[in-house]
$ cat upload.txt   # compact mmCIF, N, CA and C atoms and all ligand atoms
# COMPACT_ATOMS: atom_id res chain seq x y z
N MET A 1 25.35 -2.69 54.05
CA MET A 1 25.11 -3.91 53.28
C MET A 1 26.39 -4.38 52.59
N LEU A 2 27.09 -3.43 51.95
CA LEU A 2 28.25 -3.82 51.14
C LEU A 2 29.43 -4.20 52.01
N GLY A 3 30.04 -5.33 51.67
CA GLY A 3 31.28 -5.72 52.32
C GLY A 3 32.47 -5.44 51.41
N ARG A 4 33.44 -6.32 51.45
CA ARG A 4 34.67 -6.14 50.66
C ARG A 4 34.40 -6.19 49.17
N LEU A 5 35.31 -5.56 48.42
CA LEU A 5 35.34 -5.75 46.97
C LEU A 5 35.94 -7.13 46.73
N ASN A 6 35.14 -8.08 46.25
CA ASN A 6 35.65 -9.44 46.04
C ASN A 6 36.49 -9.53 44.78
N HIS A 7 35.99 -8.93 43.69
CA HIS A 7 36.79 -8.90 42.46
C HIS A 7 36.28 -7.84 41.50
N VAL A 8 37.16 -7.50 40.57
CA VAL A 8 36.82 -6.68 39.40
C VAL A 8 36.88 -7.64 38.22
N ALA A 9 35.83 -7.64 37.38
CA ALA A 9 35.79 -8.59 36.26
C ALA A 9 36.03 -7.86 34.95
N LEU A 10 36.91 -8.43 34.14
CA LEU A 10 37.20 -7.90 32.81
C LEU A 10 36.77 -8.94 31.78
N ALA A 11 35.97 -8.52 30.81
CA ALA A 11 35.64 -9.39 29.69
C ALA A 11 36.78 -9.29 28.69
N VAL A 12 37.24 -10.44 28.20
CA VAL A 12 38.36 -10.46 27.25
C VAL A 12 37.99 -11.34 26.05
N PRO A 13 38.45 -10.98 24.86
CA PRO A 13 38.11 -11.78 23.69
C PRO A 13 38.95 -13.06 23.58
N ASP A 14 40.10 -13.10 24.22
CA ASP A 14 41.02 -14.24 24.10
C ASP A 14 41.63 -14.50 25.48
N LEU A 15 41.08 -15.48 26.17
CA LEU A 15 41.51 -15.72 27.55
C LEU A 15 42.98 -16.13 27.63
N ALA A 16 43.43 -16.96 26.68
CA ALA A 16 44.83 -17.41 26.72
C ALA A 16 45.78 -16.22 26.58
N ALA A 17 45.42 -15.27 25.70
CA ALA A 17 46.26 -14.07 25.53
C ALA A 17 46.23 -13.22 26.79
N ALA A 18 45.05 -13.12 27.42
CA ALA A 18 44.94 -12.31 28.64
C ALA A 18 45.73 -12.94 29.78
N VAL A 19 45.64 -14.27 29.90
CA VAL A 19 46.40 -14.97 30.94
C VAL A 19 47.90 -14.76 30.72
N ALA A 20 48.34 -14.88 29.48
CA ALA A 20 49.77 -14.69 29.19
C ALA A 20 50.20 -13.27 29.55
N ALA A 21 49.37 -12.27 29.24
CA ALA A 21 49.73 -10.88 29.55
C ALA A 21 49.82 -10.67 31.06
N TYR A 22 48.84 -11.20 31.80
CA TYR A 22 48.85 -11.00 33.26
C TYR A 22 49.99 -11.79 33.90
N ARG A 23 50.21 -13.04 33.43
CA ARG A 23 51.23 -13.89 34.06
C ARG A 23 52.64 -13.45 33.65
N ASN A 24 52.84 -13.24 32.36
CA ASN A 24 54.20 -13.02 31.87
C ASN A 24 54.59 -11.55 31.85
N THR A 25 53.69 -10.69 31.37
CA THR A 25 54.04 -9.27 31.26
C THR A 25 53.90 -8.57 32.60
N LEU A 26 52.79 -8.85 33.31
CA LEU A 26 52.53 -8.17 34.58
C LEU A 26 53.08 -8.95 35.77
N GLY A 27 53.49 -10.22 35.56
CA GLY A 27 54.08 -11.01 36.64
C GLY A 27 53.12 -11.37 37.74
N ALA A 28 51.84 -11.61 37.38
CA ALA A 28 50.82 -11.89 38.39
C ALA A 28 50.59 -13.39 38.52
N GLU A 29 50.01 -13.76 39.67
CA GLU A 29 49.62 -15.15 39.91
C GLU A 29 48.21 -15.35 39.35
N VAL A 30 48.06 -16.30 38.43
CA VAL A 30 46.79 -16.51 37.73
C VAL A 30 46.34 -17.95 37.96
N THR A 31 45.07 -18.16 38.26
CA THR A 31 44.54 -19.51 38.50
C THR A 31 44.32 -20.23 37.16
N ALA A 32 44.09 -21.53 37.24
CA ALA A 32 43.75 -22.32 36.04
C ALA A 32 42.36 -21.93 35.54
N PRO A 33 42.12 -21.98 34.21
CA PRO A 33 40.80 -21.65 33.68
C PRO A 33 39.72 -22.59 34.23
N GLN A 34 38.56 -22.01 34.48
CA GLN A 34 37.43 -22.76 35.03
C GLN A 34 36.23 -22.48 34.11
N ALA A 35 35.68 -23.54 33.51
CA ALA A 35 34.50 -23.37 32.64
C ALA A 35 33.25 -23.35 33.51
N LEU A 36 32.43 -22.33 33.30
CA LEU A 36 31.16 -22.21 34.04
C LEU A 36 30.03 -22.18 33.01
N PRO A 37 29.67 -23.35 32.45
CA PRO A 37 28.68 -23.35 31.37
C PRO A 37 27.34 -22.73 31.77
N GLU A 38 26.96 -22.87 33.04
CA GLU A 38 25.67 -22.30 33.46
C GLU A 38 25.70 -20.76 33.48
N HIS A 39 26.91 -20.18 33.49
CA HIS A 39 27.05 -18.72 33.40
C HIS A 39 27.53 -18.27 32.02
N GLY A 40 27.83 -19.22 31.13
CA GLY A 40 28.25 -18.88 29.77
C GLY A 40 29.62 -18.23 29.68
N VAL A 41 30.50 -18.57 30.62
CA VAL A 41 31.85 -17.99 30.61
C VAL A 41 32.88 -19.02 31.05
N THR A 42 34.12 -18.78 30.61
CA THR A 42 35.29 -19.42 31.21
C THR A 42 36.01 -18.33 31.97
N VAL A 43 36.47 -18.66 33.18
CA VAL A 43 37.01 -17.63 34.06
C VAL A 43 38.38 -18.05 34.60
N VAL A 44 39.24 -17.08 34.78
CA VAL A 44 40.45 -17.26 35.60
C VAL A 44 40.49 -16.09 36.59
N PHE A 45 41.16 -16.30 37.69
CA PHE A 45 41.34 -15.24 38.66
C PHE A 45 42.80 -14.85 38.76
N VAL A 46 43.04 -13.55 38.80
CA VAL A 46 44.36 -13.00 39.02
C VAL A 46 44.38 -12.54 40.48
N ASN A 47 45.29 -13.09 41.28
CA ASN A 47 45.34 -12.72 42.69
C ASN A 47 46.27 -11.53 42.86
N VAL A 48 45.72 -10.45 43.42
CA VAL A 48 46.51 -9.24 43.57
C VAL A 48 46.56 -8.77 45.02
N GLY A 49 46.40 -9.68 45.96
CA GLY A 49 46.59 -9.32 47.36
C GLY A 49 45.34 -8.77 48.02
N ASN A 50 44.98 -7.53 47.67
CA ASN A 50 43.81 -6.93 48.34
C ASN A 50 42.50 -7.31 47.69
N THR A 51 42.56 -7.80 46.45
CA THR A 51 41.34 -8.28 45.79
C THR A 51 41.76 -9.19 44.65
N LYS A 52 40.83 -9.50 43.76
CA LYS A 52 41.15 -10.35 42.61
C LYS A 52 40.65 -9.66 41.36
N VAL A 53 41.27 -9.99 40.25
CA VAL A 53 40.75 -9.58 38.94
C VAL A 53 40.28 -10.86 38.26
N GLU A 54 39.05 -10.83 37.79
CA GLU A 54 38.44 -11.99 37.13
C GLU A 54 38.50 -11.72 35.63
N LEU A 55 39.10 -12.63 34.88
CA LEU A 55 39.13 -12.51 33.42
C LEU A 55 38.10 -13.46 32.85
N LEU A 56 37.18 -12.94 32.03
CA LEU A 56 36.05 -13.70 31.51
C LEU A 56 36.12 -13.80 30.01
N GLU A 57 35.95 -15.01 29.51
CA GLU A 57 35.86 -15.25 28.06
C GLU A 57 34.51 -15.94 27.80
N PRO A 58 33.83 -15.58 26.69
CA PRO A 58 32.54 -16.22 26.40
C PRO A 58 32.70 -17.74 26.27
N LEU A 59 31.67 -18.47 26.73
CA LEU A 59 31.63 -19.93 26.60
C LEU A 59 30.25 -20.31 26.06
N GLY A 60 30.23 -20.93 24.88
CA GLY A 60 28.97 -21.42 24.32
C GLY A 60 28.13 -20.33 23.67
N GLU A 61 26.96 -20.74 23.19
CA GLU A 61 26.04 -19.83 22.52
C GLU A 61 25.34 -18.95 23.56
N GLY A 62 25.08 -17.71 23.17
CA GLY A 62 24.28 -16.84 24.05
C GLY A 62 24.98 -16.46 25.33
N SER A 63 26.31 -16.38 25.30
CA SER A 63 27.03 -15.97 26.51
C SER A 63 26.59 -14.57 26.92
N PRO A 64 26.40 -14.33 28.22
CA PRO A 64 25.98 -12.99 28.67
C PRO A 64 27.05 -11.92 28.41
N ILE A 65 28.28 -12.30 28.09
CA ILE A 65 29.29 -11.28 27.81
C ILE A 65 29.54 -11.09 26.32
N ALA A 66 28.81 -11.85 25.47
CA ALA A 66 29.04 -11.73 24.02
C ALA A 66 28.68 -10.34 23.50
N ALA A 67 27.55 -9.80 23.94
CA ALA A 67 27.13 -8.48 23.46
C ALA A 67 28.10 -7.40 23.95
N PHE A 68 28.59 -7.56 25.18
CA PHE A 68 29.57 -6.61 25.72
C PHE A 68 30.82 -6.59 24.85
N LEU A 69 31.28 -7.79 24.44
CA LEU A 69 32.50 -7.85 23.62
C LEU A 69 32.26 -7.35 22.19
N GLU A 70 31.00 -7.43 21.73
CA GLU A 70 30.71 -6.84 20.42
C GLU A 70 30.89 -5.33 20.47
N LYS A 71 30.47 -4.75 21.60
CA LYS A 71 30.60 -3.29 21.76
C LYS A 71 32.02 -2.89 22.15
N ASN A 72 32.72 -3.80 22.79
CA ASN A 72 34.08 -3.52 23.29
C ASN A 72 35.00 -4.65 22.80
N PRO A 73 35.35 -4.64 21.50
CA PRO A 73 36.03 -5.81 20.92
C PRO A 73 37.38 -6.13 21.54
N SER A 74 38.06 -5.15 22.11
CA SER A 74 39.34 -5.47 22.74
C SER A 74 39.19 -5.83 24.21
N GLY A 75 37.95 -5.85 24.71
CA GLY A 75 37.70 -6.18 26.11
C GLY A 75 37.49 -4.94 26.95
N GLY A 76 37.16 -5.15 28.22
CA GLY A 76 36.94 -4.01 29.11
C GLY A 76 36.35 -4.45 30.43
N MET A 77 36.18 -3.47 31.33
CA MET A 77 35.64 -3.80 32.65
C MET A 77 34.18 -4.19 32.53
N HIS A 78 33.83 -5.35 33.04
CA HIS A 78 32.48 -5.89 32.88
C HIS A 78 31.64 -5.73 34.14
N HIS A 79 32.18 -6.04 35.31
CA HIS A 79 31.42 -5.84 36.55
C HIS A 79 32.35 -5.77 37.76
N LEU A 80 31.76 -5.26 38.85
CA LEU A 80 32.41 -5.27 40.15
C LEU A 80 31.65 -6.24 41.04
N CYS A 81 32.35 -6.99 41.87
CA CYS A 81 31.68 -7.92 42.79
C CYS A 81 31.96 -7.52 44.22
N TYR A 82 30.87 -7.25 44.94
CA TYR A 82 30.96 -6.91 46.36
C TYR A 82 30.42 -8.07 47.19
N GLU A 83 31.02 -8.27 48.35
CA GLU A 83 30.53 -9.31 49.26
C GLU A 83 29.40 -8.75 50.13
N VAL A 84 28.43 -9.61 50.42
CA VAL A 84 27.37 -9.28 51.36
C VAL A 84 27.24 -10.44 52.34
N ASP A 85 26.81 -10.12 53.57
CA ASP A 85 26.67 -11.17 54.60
C ASP A 85 25.50 -12.09 54.29
N ASP A 86 24.41 -11.51 53.82
CA ASP A 86 23.17 -12.28 53.63
C ASP A 86 22.58 -11.88 52.28
N ILE A 87 22.76 -12.72 51.28
CA ILE A 87 22.40 -12.32 49.91
C ILE A 87 20.89 -12.18 49.74
N LEU A 88 20.11 -12.99 50.42
CA LEU A 88 18.65 -12.87 50.27
C LEU A 88 18.14 -11.60 50.95
N ALA A 89 18.69 -11.28 52.11
CA ALA A 89 18.30 -10.03 52.79
C ALA A 89 18.72 -8.83 51.94
N ALA A 90 19.93 -8.91 51.34
CA ALA A 90 20.40 -7.81 50.48
C ALA A 90 19.49 -7.66 49.27
N ARG A 91 19.13 -8.79 48.65
CA ARG A 91 18.24 -8.74 47.48
C ARG A 91 16.90 -8.09 47.85
N ASP A 92 16.31 -8.51 48.96
CA ASP A 92 14.99 -7.99 49.33
C ASP A 92 15.06 -6.50 49.63
N GLN A 93 16.14 -6.09 50.28
CA GLN A 93 16.33 -4.66 50.61
C GLN A 93 16.51 -3.85 49.32
N LEU A 94 17.27 -4.38 48.37
CA LEU A 94 17.51 -3.67 47.11
C LEU A 94 16.24 -3.58 46.28
N LYS A 95 15.50 -4.68 46.22
CA LYS A 95 14.25 -4.66 45.45
C LYS A 95 13.26 -3.67 46.06
N ALA A 96 13.20 -3.64 47.38
CA ALA A 96 12.29 -2.69 48.05
C ALA A 96 12.69 -1.25 47.73
N ALA A 97 14.00 -1.04 47.49
CA ALA A 97 14.50 0.31 47.16
C ALA A 97 14.36 0.61 45.66
N GLY A 98 13.84 -0.35 44.88
CA GLY A 98 13.60 -0.10 43.46
C GLY A 98 14.70 -0.57 42.53
N ALA A 99 15.74 -1.22 43.05
CA ALA A 99 16.82 -1.72 42.19
C ALA A 99 16.35 -3.00 41.49
N ARG A 100 16.82 -3.17 40.26
CA ARG A 100 16.44 -4.36 39.48
C ARG A 100 17.50 -5.45 39.65
N VAL A 101 17.02 -6.63 40.04
CA VAL A 101 17.89 -7.81 40.13
C VAL A 101 17.74 -8.57 38.83
N LEU A 102 18.85 -8.94 38.20
CA LEU A 102 18.80 -9.61 36.89
C LEU A 102 18.36 -11.07 37.03
N GLY A 103 17.90 -11.64 35.91
CA GLY A 103 17.47 -13.04 35.89
C GLY A 103 16.14 -13.19 36.63
N ASP A 104 15.96 -14.35 37.25
CA ASP A 104 14.69 -14.60 37.94
C ASP A 104 14.73 -14.09 39.38
N GLY A 105 15.82 -13.43 39.75
CA GLY A 105 15.90 -12.84 41.09
C GLY A 105 16.41 -13.79 42.15
N ASN A 106 16.64 -15.06 41.74
CA ASN A 106 17.16 -16.01 42.72
C ASN A 106 18.67 -16.15 42.55
N PRO A 107 19.42 -16.22 43.66
CA PRO A 107 20.87 -16.37 43.55
C PRO A 107 21.24 -17.66 42.83
N ARG A 108 22.35 -17.58 42.07
CA ARG A 108 22.93 -18.77 41.45
C ARG A 108 24.32 -18.98 42.04
N ILE A 109 24.84 -20.19 41.86
CA ILE A 109 26.16 -20.47 42.42
C ILE A 109 27.22 -19.91 41.46
N GLY A 110 28.11 -19.07 41.98
CA GLY A 110 29.12 -18.41 41.16
C GLY A 110 30.44 -19.16 41.14
N ALA A 111 31.46 -18.48 40.67
CA ALA A 111 32.76 -19.11 40.43
C ALA A 111 33.45 -19.57 41.72
N HIS A 112 33.04 -19.05 42.87
CA HIS A 112 33.66 -19.46 44.12
C HIS A 112 32.80 -20.46 44.88
N GLY A 113 31.76 -20.99 44.22
CA GLY A 113 30.88 -21.94 44.89
C GLY A 113 29.93 -21.29 45.87
N LYS A 114 29.77 -19.97 45.76
CA LYS A 114 28.89 -19.24 46.68
C LYS A 114 27.76 -18.58 45.89
N PRO A 115 26.61 -18.30 46.53
CA PRO A 115 25.49 -17.69 45.81
C PRO A 115 25.82 -16.27 45.36
N VAL A 116 25.42 -15.96 44.12
CA VAL A 116 25.64 -14.63 43.55
C VAL A 116 24.36 -14.12 42.89
N LEU A 117 24.27 -12.79 42.80
CA LEU A 117 23.19 -12.09 42.09
C LEU A 117 23.82 -10.94 41.33
N PHE A 118 23.14 -10.50 40.26
CA PHE A 118 23.61 -9.33 39.52
C PHE A 118 22.53 -8.25 39.55
N LEU A 119 22.98 -7.01 39.64
CA LEU A 119 22.08 -5.84 39.69
C LEU A 119 22.20 -5.06 38.40
N HIS A 120 21.09 -4.54 37.93
CA HIS A 120 21.04 -3.86 36.63
C HIS A 120 21.99 -2.66 36.60
N PRO A 121 22.85 -2.58 35.57
CA PRO A 121 23.82 -1.47 35.52
C PRO A 121 23.16 -0.09 35.45
N LYS A 122 21.97 -0.02 34.87
CA LYS A 122 21.33 1.31 34.76
C LYS A 122 20.91 1.84 36.13
N ASP A 123 20.79 0.98 37.11
CA ASP A 123 20.44 1.43 38.46
C ASP A 123 21.67 1.87 39.25
N PHE A 124 22.87 1.56 38.72
CA PHE A 124 24.10 1.87 39.46
C PHE A 124 25.13 2.55 38.56
N PHE A 125 24.63 3.57 37.83
CA PHE A 125 25.52 4.51 37.13
C PHE A 125 26.39 3.83 36.08
N GLY A 126 25.76 2.85 35.39
CA GLY A 126 26.45 2.24 34.26
C GLY A 126 27.37 1.09 34.62
N THR A 127 27.36 0.67 35.89
CA THR A 127 28.23 -0.44 36.28
C THR A 127 27.41 -1.64 36.71
N LEU A 128 27.64 -2.77 36.07
CA LEU A 128 27.01 -4.02 36.48
C LEU A 128 27.62 -4.42 37.83
N ILE A 129 26.75 -4.73 38.80
CA ILE A 129 27.22 -5.11 40.14
C ILE A 129 26.83 -6.55 40.41
N GLU A 130 27.81 -7.32 40.84
CA GLU A 130 27.58 -8.69 41.32
C GLU A 130 27.65 -8.66 42.84
N LEU A 131 26.73 -9.34 43.48
CA LEU A 131 26.80 -9.52 44.93
C LEU A 131 27.10 -10.98 45.20
N GLU A 132 28.05 -11.23 46.09
CA GLU A 132 28.39 -12.61 46.45
C GLU A 132 28.26 -12.77 47.96
N GLN A 133 27.60 -13.83 48.35
CA GLN A 133 27.49 -14.09 49.78
C GLN A 133 28.88 -14.41 50.33
N SER A 134 29.26 -13.74 51.40
CA SER A 134 30.63 -13.92 51.94
C SER A 134 30.70 -15.13 52.88
CO CO B 1 32.22 -11.95 38.92

$ encode --input "upload.txt" --output "structure tokens"
Amino acid sequence: MLGRLNHVALAVPDLAAAVAAYRNTLGAEVTAPQALPEHGVTVVFVNVGNTKVELLEPLGEGSPIAAFLEKNPSGGMHHLCYEVDDILAARDQLKAAGARVLGDGNPRIGAHGKPVLFLHPKDFFGTLIELEQS
């Protein structure tokens, strides 16, 4: 089921500071910030060749990463995103195996304009997993 690692996502308290650190200190190529109000985050991508690092900052009230940043005030790894060929088939297979799909279980359009789903971290050893249709 699992394809490539599409990205590793880091929640950060200050996106401008994180962008400056990745661009200037680490010398990485960083995309322009993209506001995703329906996901409650502003995102940039750091391109690192074999995959991407997604930097997430809360956007608006009730951001899904606000509680994470309360527990991890300096930021930290928030989720891993794996590609799947068929997101609905993957969802049905995972649900049949007892994994919990977050939200209403229907894919939403993610930062790359493709359908995404999130799987409960308690079902995968403490790591939130995002699936993105490839
Ligand atoms: Co992501």

$ residues_near_ligand --input "upload.txt" --ligand "ligand CO 1 (chain B)" --cutoff "7 Å" --atoms "only N, CA and C atoms and all ligand atoms" --output "PyMOL selection string"
chain A and resi 7-9+54+79-81+111+130

$ select_by_dssp --input "upload.txt" --residues "chain A" --states "alpha helix (DSSP H)" --output "PyMOL selection string"
chain A and resi 15-20+66-71+87-96

$ write_last_selection --input "upload.txt" --atoms "N, CA and C atoms" --output "PDB file, keeping the file's coordinate frame"
ATOM      1  N   LEU A  15      41.080 -15.480  26.170  1.00  0.00           N
ATOM      2  CA  LEU A  15      41.510 -15.720  27.550  1.00  0.00           C
ATOM      3  C   LEU A  15      42.980 -16.130  27.630  1.00  0.00           C
ATOM      4  N   ALA A  16      43.430 -16.960  26.680  1.00  0.00           N
ATOM      5  CA  ALA A  16      44.830 -17.410  26.720  1.00  0.00           C
ATOM      6  C   ALA A  16      45.780 -16.220  26.580  1.00  0.00           C
ATOM      7  N   ALA A  17      45.420 -15.270  25.700  1.00  0.00           N
ATOM      8  CA  ALA A  17      46.260 -14.070  25.530  1.00  0.00           C
ATOM      9  C   ALA A  17      46.230 -13.220  26.790  1.00  0.00           C
ATOM     10  N   ALA A  18      45.050 -13.120  27.420  1.00  0.00           N
ATOM     11  CA  ALA A  18      44.940 -12.310  28.640  1.00  0.00           C
ATOM     12  C   ALA A  18      45.730 -12.940  29.780  1.00  0.00           C
ATOM     13  N   VAL A  19      45.640 -14.270  29.900  1.00  0.00           N
ATOM     14  CA  VAL A  19      46.400 -14.970  30.940  1.00  0.00           C
ATOM     15  C   VAL A  19      47.900 -14.760  30.720  1.00  0.00           C
ATOM     16  N   ALA A  20      48.340 -14.880  29.480  1.00  0.00           N
ATOM     17  CA  ALA A  20      49.770 -14.690  29.190  1.00  0.00           C
ATOM     18  C   ALA A  20      50.200 -13.270  29.550  1.00  0.00           C
ATOM     19  N   ALA A  66      28.810 -11.850  25.470  1.00  0.00           N
ATOM     20  CA  ALA A  66      29.040 -11.730  24.020  1.00  0.00           C
ATOM     21  C   ALA A  66      28.680 -10.340  23.500  1.00  0.00           C
ATOM     22  N   ALA A  67      27.550  -9.800  23.940  1.00  0.00           N
ATOM     23  CA  ALA A  67      27.130  -8.480  23.460  1.00  0.00           C
ATOM     24  C   ALA A  67      28.100  -7.400  23.950  1.00  0.00           C
ATOM     25  N   PHE A  68      28.590  -7.560  25.180  1.00  0.00           N
ATOM     26  CA  PHE A  68      29.570  -6.610  25.720  1.00  0.00           C
ATOM     27  C   PHE A  68      30.820  -6.590  24.850  1.00  0.00           C
ATOM     28  N   LEU A  69      31.280  -7.790  24.440  1.00  0.00           N
ATOM     29  CA  LEU A  69      32.500  -7.850  23.620  1.00  0.00           C
ATOM     30  C   LEU A  69      32.260  -7.350  22.190  1.00  0.00           C
ATOM     31  N   GLU A  70      31.000  -7.430  21.730  1.00  0.00           N
ATOM     32  CA  GLU A  70      30.710  -6.840  20.420  1.00  0.00           C
ATOM     33  C   GLU A  70      30.890  -5.330  20.470  1.00  0.00           C
ATOM     34  N   LYS A  71      30.470  -4.750  21.600  1.00  0.00           N
ATOM     35  CA  LYS A  71      30.600  -3.290  21.760  1.00  0.00           C
ATOM     36  C   LYS A  71      32.020  -2.890  22.150  1.00  0.00           C
ATOM     37  N   ILE A  87      22.760 -12.720  51.280  1.00  0.00           N
ATOM     38  CA  ILE A  87      22.400 -12.320  49.910  1.00  0.00           C
ATOM     39  C   ILE A  87      20.890 -12.180  49.740  1.00  0.00           C
ATOM     40  N   LEU A  88      20.110 -12.990  50.420  1.00  0.00           N
ATOM     41  CA  LEU A  88      18.650 -12.870  50.270  1.00  0.00           C
ATOM     42  C   LEU A  88      18.140 -11.600  50.950  1.00  0.00           C
ATOM     43  N   ALA A  89      18.690 -11.280  52.110  1.00  0.00           N
ATOM     44  CA  ALA A  89      18.300 -10.030  52.790  1.00  0.00           C
ATOM     45  C   ALA A  89      18.720  -8.830  51.940  1.00  0.00           C
ATOM     46  N   ALA A  90      19.930  -8.910  51.340  1.00  0.00           N
ATOM     47  CA  ALA A  90      20.400  -7.810  50.480  1.00  0.00           C
ATOM     48  C   ALA A  90      19.490  -7.660  49.270  1.00  0.00           C
ATOM     49  N   ARG A  91      19.130  -8.790  48.650  1.00  0.00           N
ATOM     50  CA  ARG A  91      18.240  -8.740  47.480  1.00  0.00           C
ATOM     51  C   ARG A  91      16.900  -8.090  47.850  1.00  0.00           C
ATOM     52  N   ASP A  92      16.310  -8.510  48.960  1.00  0.00           N
ATOM     53  CA  ASP A  92      14.990  -7.990  49.330  1.00  0.00           C
ATOM     54  C   ASP A  92      15.060  -6.500  49.630  1.00  0.00           C
ATOM     55  N   GLN A  93      16.140  -6.090  50.280  1.00  0.00           N
ATOM     56  CA  GLN A  93      16.330  -4.660  50.610  1.00  0.00           C
ATOM     57  C   GLN A  93      16.510  -3.850  49.320  1.00  0.00           C
ATOM     58  N   LEU A  94      17.270  -4.380  48.370  1.00  0.00           N
ATOM     59  CA  LEU A  94      17.510  -3.670  47.110  1.00  0.00           C
ATOM     60  C   LEU A  94      16.240  -3.580  46.280  1.00  0.00           C
ATOM     61  N   LYS A  95      15.500  -4.680  46.220  1.00  0.00           N
ATOM     62  CA  LYS A  95      14.250  -4.660  45.450  1.00  0.00           C
ATOM     63  C   LYS A  95      13.260  -3.670  46.060  1.00  0.00           C
ATOM     64  N   ALA A  96      13.200  -3.640  47.380  1.00  0.00           N
ATOM     65  CA  ALA A  96      12.290  -2.690  48.050  1.00  0.00           C
ATOM     66  C   ALA A  96      12.690  -1.250  47.730  1.00  0.00           C
TER      67      ALA A  96
END

$ closest_residue --input "upload.txt" --among "A:Gly75, A:Leu10, A:Arg91, A:Leu131" --to "Val53 (chain A)" --atoms "all atoms listed in the file"
A:Leu10

$ atom_distance --input "upload.txt" --atom1 "CA of His78 (chain A)" --atom2 "CA of Ala96 (chain A)"
25.5 Å

$ residues_around --input "upload.txt" --residues "region 55-67 of chain A" --least-positions-apart "4" --cutoff "7 Å" --atoms "all atoms listed in the file" --output "JSON, numbers by chain"
{"A": [8, 9, 10, 11, 12, 13, 14, 15, 36, 37, 39, 40, 41, 42, 43, 44, 45, 46, 71, 72]}

$ select_by_dssp --input "upload.txt" --residues "chain A" --states "strand (DSSP E or B)" --output "number ranges by chain"
A: 5-11, 29-30, 34-36, 41-47, 52-58, 76-84, 101, 108-109, 115-119, 128-133

$ residues_around --input "upload.txt" --residues "Val48 (chain A)" --least-positions-apart "3" --cutoff "8 Å" --atoms "only C-alpha atoms" --output "list in words"
Ala28, Glu29, Thr51, Lys52 and Val53 of chain A

$ atom_distance --input "upload.txt" --atom1 "atom C of His120 (chain A)" --atom2 "CA of Val101 (chain A)"
7.5 Å

$ residues_around --input "upload.txt" --residues "Gly3 (chain A)" --least-positions-apart "4" --cutoff "8 Å" --atoms "only C-alpha atoms" --output "VMD selection string"
chain A and resid 82 to 85

$ atom_distance --input "upload.txt" --atom1 "atom C of Ala97 (chain A)" --atom2 "atom C of Phe124 (chain A)"
13.0 Å
